[in-house]
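Below: structure-v3.csv (CSV, C-alpha atoms)
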chain,number,residue,atom,x,y,z
A,781,MET,CA,74.8,106.1,89.9
A,782,THR,CA,76.3,102.8,91.0
A,783,ARG,CA,80.0,103.1,91.7
A,784,SER,CA,82.6,100.7,90.3
A,785,ILE,CA,85.0,98.9,92.6
A,786,GLY,CA,87.8,101.3,93.5
A,787,GLY,CA,90.2,99.0,95.2
A,788,THR,CA,90.7,95.7,97.1
A,789,TRP,CA,92.4,94.1,100.0
A,790,CYS,CA,95.4,91.9,99.2
A,791,GLU,CA,97.6,89.6,101.1
A,792,PHE,CA,100.6,87.3,100.9
A,793,GLN,CA,98.9,84.6,102.9
A,794,HIS,CA,95.4,84.5,104.2
A,795,HIS,CA,95.3,84.5,108.0
A,796,ASN,CA,92.4,82.0,108.3
A,797,LYS,CA,93.8,78.9,106.7
A,798,ALA,CA,90.4,77.2,106.4
A,799,GLU,CA,89.1,80.2,104.4
A,800,GLY,CA,92.2,80.6,102.2
A,801,VAL,CA,92.6,77.1,100.8
A,802,HIS,CA,92.0,78.1,97.2
A,803,TRP,CA,94.7,80.8,97.0
A,804,ASN,CA,97.2,80.5,99.8
A,805,PRO,CA,99.3,77.8,98.0
A,806,ALA,CA,99.4,79.7,94.7
A,807,CYS,CA,100.4,82.9,96.4
A,808,ALA,CA,103.1,81.2,98.4
A,809,GLY,CA,104.6,80.2,95.0
A,810,PHE,CA,104.3,83.6,93.4
A,811,SER,CA,107.5,85.0,91.9
A,812,PRO,CA,108.1,88.8,91.6
A,813,ASP,CA,106.8,88.5,88.0
A,814,ASP,CA,103.7,86.8,89.2
A,815,TRP,CA,103.0,89.6,91.7
A,816,ASP,CA,103.5,92.1,88.9
A,817,ALA,CA,101.1,90.3,86.6
A,818,LYS,CA,98.5,90.1,89.4
A,819,ILE,CA,98.7,93.8,90.2
A,820,ALA,CA,98.6,94.6,86.5
A,821,GLU,CA,95.4,92.6,86.2
A,822,MET,CA,93.8,94.6,89.0
A,823,ALA,CA,94.8,97.9,87.6
A,824,ALA,CA,93.5,97.0,84.1
A,825,ILE,CA,89.9,96.8,85.3
A,826,GLY,CA,90.2,100.2,87.1
A,827,LEU,CA,91.2,99.3,90.7
A,828,GLU,CA,93.1,102.2,92.2
A,829,TYR,CA,93.8,101.1,95.8
A,830,LEU,CA,95.4,98.1,97.4
A,831,VAL,CA,94.9,97.6,101.1
A,832,LEU,CA,97.6,95.1,102.2
A,833,MET,CA,96.2,93.1,105.1
A,834,ALA,CA,99.5,92.5,107.0
A,835,VAL,CA,103.3,92.5,106.8
A,836,ALA,CA,103.5,89.7,109.3
A,837,LEU,CA,101.5,86.6,110.3
A,838,ASP,CA,101.9,83.6,112.5
A,839,HIS,CA,105.0,85.1,114.1
A,840,LYS,CA,106.8,85.4,110.8
A,841,ALA,CA,107.4,88.5,108.6
A,842,PHE,CA,106.7,89.2,104.9
A,843,TYR,CA,109.7,91.6,104.6
A,844,PRO,CA,113.3,91.6,105.9
A,845,THR,CA,113.3,92.5,109.6
A,846,THR,CA,115.0,91.5,112.9
A,847,LEU,CA,111.6,91.5,114.7
A,848,LEU,CA,110.5,88.1,113.4
A,849,PRO,CA,111.9,85.3,111.2
A,850,PRO,CA,110.8,85.4,107.6
A,851,TRP,CA,108.1,83.5,105.8
A,852,LYS,CA,109.6,80.9,103.4
A,853,LEU,CA,108.0,82.0,100.1
A,854,ALA,CA,109.1,81.8,96.5
A,855,THR,CA,109.6,85.6,96.7
A,856,PRO,CA,112.1,86.5,99.5
A,857,ASP,CA,110.7,90.1,99.9
A,858,PRO,CA,107.1,90.0,98.7
A,859,LEU,CA,106.4,93.4,100.1
A,860,GLN,CA,109.1,94.9,97.8
A,861,SER,CA,107.7,93.0,94.8
A,862,LEU,CA,104.2,94.3,95.6
A,863,MET,CA,105.2,97.9,96.0
A,864,THR,CA,107.4,97.8,92.9
A,865,ALA,CA,104.5,96.4,90.9
A,866,ALA,CA,102.1,99.0,92.3
A,867,ASP,CA,104.6,101.8,91.3
A,868,ARG,CA,104.7,100.4,87.8
A,869,HIS,CA,100.9,100.1,87.4
A,870,GLY,CA,99.9,103.3,89.2
A,871,MET,CA,98.2,101.8,92.2
A,872,LYS,CA,98.1,103.3,95.7
A,873,VAL,CA,98.9,101.0,98.6
A,874,PHE,CA,97.7,101.2,102.2
A,875,VAL,CA,100.3,99.1,104.1
A,876,GLY,CA,98.8,97.0,106.8
A,877,ASN,CA,100.9,97.1,110.0
A,878,GLY,CA,100.1,93.7,111.5
A,879,PHE,CA,99.9,91.1,112.7
A,880,TRP,CA,102.5,91.5,115.5
A,881,GLY,CA,100.9,88.8,117.6
A,882,THR,CA,98.3,86.1,117.2
A,883,TRP,CA,96.0,87.7,114.7
A,884,ASP,CA,92.7,86.6,116.3
A,885,SER,CA,93.7,87.3,119.9
A,886,PRO,CA,91.1,89.7,121.4
A,887,GLY,CA,94.0,91.2,123.4
A,888,ILE,CA,96.4,91.9,120.6
A,889,ILE,CA,95.6,95.6,120.4
A,890,ALA,CA,96.9,96.2,124.0
A,891,ASP,CA,99.5,93.4,124.2
A,892,PRO,CA,102.8,95.1,125.2
A,893,GLN,CA,105.0,92.9,123.0
A,894,ALA,CA,102.7,93.3,119.9
A,895,ARG,CA,102.5,97.1,120.6
A,896,ARG,CA,106.3,97.4,120.8
A,897,ARG,CA,106.8,95.4,117.5
A,898,ARG,CA,104.1,97.3,115.8
A,899,LEU,CA,105.7,100.7,116.4
A,900,GLN,CA,109.2,99.4,115.6
A,901,ALA,CA,107.9,97.9,112.4
A,902,MET,CA,106.4,101.2,111.3
A,903,GLU,CA,109.8,102.8,111.5
A,904,GLU,CA,111.3,100.0,109.5
A,905,LEU,CA,108.6,100.0,106.9
A,906,ALA,CA,108.8,103.8,106.4
A,907,ALA,CA,112.6,103.6,106.0
A,908,GLN,CA,112.6,100.6,103.6
A,909,TYR,CA,109.5,101.2,101.5
A,910,GLY,CA,108.5,104.9,102.1
A,911,GLN,CA,110.3,106.0,99.0
A,912,HIS,CA,107.8,104.1,96.8
A,913,PRO,CA,105.4,106.4,95.0
A,914,SER,CA,102.7,103.8,95.6
A,915,PHE,CA,103.1,104.0,99.4
A,916,TYR,CA,99.8,106.0,99.8
A,917,GLY,CA,98.9,105.2,103.4
A,918,TRP,CA,98.7,102.9,106.4
A,919,TYR,CA,96.0,100.4,107.4
A,920,TRP,CA,95.5,99.3,111.0
A,921,PRO,CA,94.3,95.7,110.7
A,922,ASN,CA,93.6,94.8,114.3
A,923,GLU,CA,90.0,95.7,114.1
A,924,ALA,CA,87.6,95.7,117.0
A,925,GLU,CA,83.8,95.2,116.7
A,926,ILE,CA,81.7,98.3,117.0
A,927,GLN,CA,79.1,97.6,119.6
A,928,GLY,CA,77.1,100.8,119.2
A,929,HIS,CA,80.3,102.7,119.7
A,930,PHE,CA,84.1,102.1,119.5
A,931,ARG,CA,85.8,100.7,122.6
A,932,PRO,CA,88.3,103.2,124.2
A,933,VAL,CA,91.2,100.6,123.8
A,934,PHE,CA,90.6,100.6,120.0
A,935,ILE,CA,90.6,104.4,119.9
A,936,ASP,CA,93.9,104.5,121.8
A,937,TYR,CA,95.4,102.0,119.4
A,938,VAL,CA,94.4,103.9,116.3
A,939,ARG,CA,95.5,107.3,117.7
A,940,GLU,CA,98.9,105.9,118.8
A,941,CYS,CA,99.5,104.4,115.3
A,942,ASN,CA,98.3,107.6,113.6
A,943,GLN,CA,100.6,109.8,115.6
A,944,LEU,CA,103.8,107.8,114.6
A,945,ALA,CA,102.6,107.4,111.0
A,946,ARG,CA,102.3,111.2,110.6
A,947,GLN,CA,105.7,111.7,112.0
A,948,LEU,CA,107.3,109.1,109.7
A,949,LEU,CA,105.4,109.9,106.4
A,950,PRO,CA,103.3,113.1,106.9
A,951,ALA,CA,101.6,112.8,103.5
A,952,ALA,CA,100.4,109.2,104.0
A,953,LEU,CA,96.7,108.6,104.9
A,954,THR,CA,95.5,106.2,107.6
A,955,LEU,CA,92.6,103.7,107.2
A,956,ILE,CA,90.6,101.4,109.4
A,957,ALA,CA,87.8,98.9,108.3
A,958,PRO,CA,85.7,98.2,111.3
A,959,TYR,CA,83.0,95.5,111.6
A,960,GLY,CA,79.8,95.7,113.5
A,961,THR,CA,78.4,98.0,110.9
A,962,ASN,CA,74.8,96.9,111.6
A,963,GLN,CA,75.3,97.9,115.3
A,964,VAL,CA,76.6,101.4,114.9
A,965,GLN,CA,74.7,104.1,116.9
A,966,ALA,CA,75.2,107.0,114.6
A,967,ASP,CA,74.7,109.7,117.2
A,968,ASP,CA,76.6,112.6,118.6
A,969,ASP,CA,78.7,110.4,120.8
A,970,TYR,CA,79.7,108.4,117.7
A,971,ALA,CA,80.7,111.6,115.9
A,972,ARG,CA,82.9,112.6,118.8
A,973,GLN,CA,84.6,109.2,118.6
A,974,LEU,CA,85.3,109.6,114.9
A,975,GLU,CA,86.9,113.0,115.8
A,976,ALA,CA,88.9,111.3,118.5
A,977,LEU,CA,90.1,108.5,116.2
A,978,ASP,CA,91.7,111.1,113.9
A,979,VAL,CA,91.8,108.6,111.1
A,980,ASP,CA,91.6,109.7,107.4
A,981,VAL,CA,89.4,106.8,106.0
A,982,VAL,CA,86.8,104.5,107.6
A,983,ALA,CA,85.8,101.7,105.2
A,984,TYR,CA,83.0,99.9,107.0
A,985,GLN,CA,82.5,96.2,106.3
A,986,ASP,CA,79.1,95.5,104.7
A,987,GLU,CA,79.1,92.1,106.4
A,988,VAL,CA,77.1,90.4,103.7
A,989,GLY,CA,79.6,87.7,103.0
A,990,VAL,CA,79.8,86.8,106.7
A,991,ARG,CA,76.0,86.6,106.9
A,992,LYS,CA,75.6,89.3,109.5
A,993,SER,CA,73.7,91.6,107.1
A,994,GLY,CA,71.4,91.2,104.2
A,995,VAL,CA,71.9,93.2,101.0
A,996,GLU,CA,68.4,94.8,101.5
A,997,GLU,CA,69.6,96.2,104.9
A,998,THR,CA,73.0,97.7,104.1
A,999,GLY,CA,71.8,100.9,102.4
A,1000,ALA,CA,70.1,102.1,105.6
A,1001,TYR,CA,73.3,101.5,107.6
A,1002,TYR,CA,75.5,103.5,105.2
A,1003,GLU,CA,72.9,106.3,105.0
A,1004,ALA,CA,73.0,106.7,108.7
A,1005,LEU,CA,76.8,106.6,108.6
A,1006,ARG,CA,76.8,109.3,105.9
A,1007,LYS,CA,74.9,111.7,108.1
A,1008,VAL,CA,77.3,111.2,111.1
A,1009,HIS,CA,80.4,111.4,108.9
A,1010,ASP,CA,79.2,114.7,107.5
A,1011,GLN,CA,79.6,116.1,110.9
A,1012,VAL,CA,83.3,115.2,111.0
A,1013,GLU,CA,86.1,117.1,109.3
A,1014,ARG,CA,88.4,114.1,108.7
A,1015,ALA,CA,87.2,110.4,108.4
A,1016,ARG,CA,86.1,109.9,104.8
A,1017,LEU,CA,83.3,107.3,104.5
A,1018,TRP,CA,84.2,104.3,102.3
A,1019,ALA,CA,82.7,100.8,102.0
A,1020,ASP,CA,84.3,97.4,102.4
A,1021,VAL,CA,82.1,95.2,100.3
A,1022,GLU,CA,82.4,91.4,100.8
A,1023,VAL,CA,82.4,89.6,97.4
A,1024,PHE,CA,82.7,86.1,98.9
A,1025,GLU,CA,80.5,83.5,100.4
A,1026,PHE,CA,81.4,80.5,102.6
A,1027,ALA,CA,81.4,76.9,101.3
A,1028,ALA,CA,79.8,75.8,104.6
A,1029,GLU,CA,80.2,77.1,108.1
A,1030,VAL,CA,81.1,80.8,108.5
A,1031,TYR,CA,84.8,81.3,109.4
A,1032,ARG,CA,85.5,77.6,109.3
A,1033,SER,CA,85.2,76.8,105.6
A,1034,ALA,CA,86.6,77.9,102.3
A,1035,LEU,CA,85.8,81.3,100.8
A,1036,LEU,CA,84.2,81.1,97.4
A,1037,PRO,CA,83.4,83.9,94.9
A,1038,ALA,CA,79.9,85.3,95.3
A,1039,ARG,CA,77.6,85.5,92.2
A,1040,PHE,CA,77.8,88.9,90.5
A,1041,ALA,CA,74.0,89.3,90.8
A,1042,ARG,CA,74.5,89.6,94.6
A,1043,VAL,CA,77.7,91.7,94.3
A,1044,ARG,CA,75.9,94.2,92.0
A,1045,ARG,CA,73.2,94.7,94.5
A,1046,GLN,CA,75.8,95.3,97.2
A,1047,LEU,CA,77.5,97.9,95.1
A,1048,GLU,CA,74.1,99.6,94.4
A,1049,ALA,CA,73.1,99.6,98.0
A,1050,VAL,CA,76.2,101.5,99.3
A,1051,SER,CA,77.0,103.7,96.3
A,1052,PRO,CA,74.8,106.7,97.2
A,1053,PHE,CA,76.5,107.2,100.5
A,1054,VAL,CA,80.2,106.4,100.2
A,1055,GLU,CA,83.1,108.0,98.3
A,1056,THR,CA,84.9,104.8,97.4
A,1057,ILE,CA,84.1,101.1,97.3
A,1058,LEU,CA,86.8,98.6,98.3
A,1059,ILE,CA,86.2,94.9,98.2
A,1060,TYR,CA,87.3,92.0,100.2
A,1061,GLN,CA,88.7,90.8,98.1
A,1062,TYR,CA,90.0,90.5,94.5
A,1063,GLN,CA,92.6,87.9,95.4
A,1064,GLY,CA,91.1,84.5,95.4
A,1065,MET,CA,87.7,85.7,94.4
A,1066,MET,CA,88.5,87.2,91.0
A,1067,ASN,CA,90.9,86.1,88.2
A,1068,GLN,CA,91.1,87.1,84.6
A,1069,PRO,CA,90.4,84.1,82.4
A,1070,GLY,CA,93.7,82.7,81.3
A,1071,ALA,CA,95.6,84.7,84.0
A,1072,ALA,CA,99.3,83.7,84.2
A,1073,ALA,CA,99.3,84.3,87.9
A,1074,PHE,CA,96.1,82.5,88.9
A,1075,ALA,CA,95.1,82.3,92.6
A,1076,GLY,CA,91.7,81.3,93.6
A,1077,HIS,CA,88.7,79.1,93.0
A,1078,PRO,CA,87.9,78.2,89.3
A,1079,ASP,CA,84.6,80.2,89.6
A,1080,SER,CA,86.7,83.4,90.2
A,1081,THR,CA,86.9,83.8,86.4
A,1082,GLN,CA,83.1,84.0,86.2
A,1083,LEU,CA,82.9,86.8,88.8
A,1084,PHE,CA,85.7,88.6,87.0
A,1085,SER,CA,84.0,88.3,83.6
A,1086,ASP,CA,80.6,89.3,84.9
A,1087,TYR,CA,82.0,92.3,86.6
A,1088,VAL,CA,83.9,93.5,83.5
A,1089,ALA,CA,80.9,93.0,81.3
A,1090,TRP,CA,78.8,95.1,83.7
A,1091,GLN,CA,81.5,97.8,83.8
A,1092,ARG,CA,81.4,98.0,80.0
A,1093,CYS,CA,77.6,98.2,80.1
A,1094,ILE,CA,77.4,101.1,82.5
A,1095,ARG,CA,80.1,103.0,80.7
A,1096,SER,CA,78.5,102.7,77.3
A,1097,PRO,CA,76.5,105.7,76.2
A,1098,GLY,CA,72.8,105.1,75.8
Could you render the structure from this file as structure tokens?
Amino acid sequence: MTRSIGGTWCEFQHHNKAEGVHWNPACAGFSPDDWDAKIAEMAAIGLEYLVLMAVALDHKAFYPTTLLPPWKLATPDPLQSLMTAADRHGMKVFVGNGFWGTWDSPGIIADPQARRRRLQAMEELAAQYGQHPSFYGWYWPNEAEIQGHFRPVFIDYVRECNQLARQLLPAALTLIAPYGTNQVQADDDYARQLEALDVDVVAYQDEVGVRKSGVEETGAYYEALRKVHDQVERARLWADVEVFEFAAEVYRSALLPARFARVRRQLEAVSPFVETILIYQYQGMMNQPGAAAFAGHPDSTQLFSDYVAWQRCIRSPG
């Protein structure tokens, strides 16, 4: 059975400006009503989870804090608007605690100033937004590439974040979404690392959109991951399926919606092995035709329509 999309990443501004040209301007102008309409649109097609990429970017914050100056957006507190909308529409949010430094700096995980802000921000976020029913968990967005195994510095980063997260909001889950999926050595050492991470959900990137893996390869990667995750008590196995393609050079050009024929094959490849499929991402890549809060490339309505039509087909008896 092929799984439907269970959730998506979301963001107030895309961190890579070359990639986000088709939705960053629209999202900067979103009102609280626009955020509500966009979340309602996602919920209406069955999305359950929202993974918020970050609460800060480019040394500015997306919520009221003394740690950084604010982003100047149409909505003064977009995080409050997103959480309120998620409450209303029954969605579950993993709040991304980043980026408390330059997002693409290889040293951001261990940077003392970023670390200090990261931990202070968690206390603020729990106090200001932890009462929302939609606050389902935390996401640690400073991902490190898996080169066979996780680097010790990444394990330390995740464990430190997990420890404080469980003190602040004991019921909240924790999620990471590593890349380097095609390099994982799914052996006993890797299983021990998963235990050491002590994270609730690992949503591995399928890396099809960034051209690191072919659709015909990903099933084998996730099958191996399934076997090693079955050895670990925590660490649920999810997928992060990339529903985009690049207009030109990878990481240096605009993200465009992939054709659904490819996306369907991606869903089919990982479905036998994972509990839930998240996508990167609805925002920018999918829009309901005629959407009041439109953000993305014009072709995003085609991906939306093709996906909804497929959903109806697989749910229809006979």
- Item | Closest of A:Gln911, A:Pro950, A:Val964, A:His802 to A:Ser1080 - atom-to-atom distances counting only C-alpha atoms | A:His802
- Task: Quick one: everything within 8 Å of A:Gly786, counting only C-alpha atoms, minus sequence neighbours fewer than 6 positions away in the same chain. Send it as a PyMOL selection string.
- Result: chain A and resi 826-829+1056-1058
Could you take the residues named above and write them with C-alpha atoms, as an mmCIF file, in the coordinates of the input?
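So out11.cif came out as:
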data_model
loop_
_atom_site.group_PDB
_atom_site.id
_atom_site.type_symbol
_atom_site.label_atom_id
_atom_site.label_comp_id
_atom_site.auth_asym_id
_atom_site.auth_seq_id
_atom_site.Cartn_x
_atom_site.Cartn_y
_atom_site.Cartn_z
ATOM 1 C CA GLY A 826 90.200 100.200 87.100
ATOM 2 C CA LEU A 827 91.200 99.300 90.700
ATOM 3 C CA GLU A 828 93.100 102.200 92.200
ATOM 4 C CA TYR A 829 93.800 101.100 95.800
ATOM 5 C CA THR A 1056 84.900 104.800 97.400
ATOM 6 C CA ILE A 1057 84.100 101.100 97.300
ATOM 7 C CA LEU A 1058 86.800 98.600 98.300
#
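With all atoms listed in the file as the atoms that count, the minimum distance from A:Asp936 to the choices A:His795, A:Arg1016, A:His912, A:Arg895 is reached by A:Arg895.
In this comparison, which uses all atoms listed in the file, the residue of A:Ala808, A:Ala1034, A:Ala817, A:Val875 approaching A:Pro856 most closely is A:Ala808.
Residue nearest A:Val995, chosen from A:Ala1041, A:Ala823, A:Met1065, A:Val835 and counting all atoms listed in the file: A:Ala1041.
One distance worth recording is that between atom CA of A:Leu1035 and atom CA of A:Glu821, which is 20.8 Å.
Once only C-alpha atoms are considered, the residues situated within 8 Å of the file point (103.0, 97.4, 87.9) turn out to be Asp816, Ala817, Ile819, Ala820, Thr864, Ala865, Ala866, Asp867, Arg868, His869, Gly870 and Met871 of chain A.
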- Item | Contacts of stretch 1066-1074 of chain A within 10 Å, all atoms listed in the file, excl. fewer than 3 positions in-chain, as a PyMOL selection string | chain A and resi 803+806-807+809-811+813-819+821-822+825+1023-1024+1036-1038+1061-1063+1077-1085+1087-1088
- Query: What residues have an atom no more than 12 Å from (81.5, 115.4, 109.9) in the file's own frame, counting all atoms listed in the file, and can you write them as a ChimeraX atom specification?
  - Reply: /A:966-968,970-975,978,980,1005-1017
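With distances restricted to all atoms listed in the file, A:Glu987 is the closest residue to A:Val1021 from A:Glu987, A:Glu940, A:Glu903, A:Asp884.
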- Item | Distance query A:Trp880 at most 12 Å, all atoms listed in the file, self and fewer than 5 positions along chain excluded, as an MDAnalysis selection string | chainID A and resid 834:842 847:848 885 887:902 920:922
- Query: Which is closest to A:Asn804 among A:Leu948, A:Val1030, A:Val933, A:Leu853, if we use only C-alpha atoms?
  - Reply: A:Leu853
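Our summary of the geometry notes that atom CA of A:Asp857 is positioned 8.8 Å from atom CA of A:Pro812.
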- Query: What's the 10 Å shell around A:Tyr984, counting only C-alpha atoms, without same-chain residues fewer than 2 positions away, as a PyMOL selection string?
  - Reply: chain A and resi 956-962+981-982+986-987+1001-1002+1005+1017-1021+1054+1057-1058
- Figure out the distance between atom CA of A:Arg1045 and atom CA of A:Glu997, please, to one decimal in Å. 11.1 Å
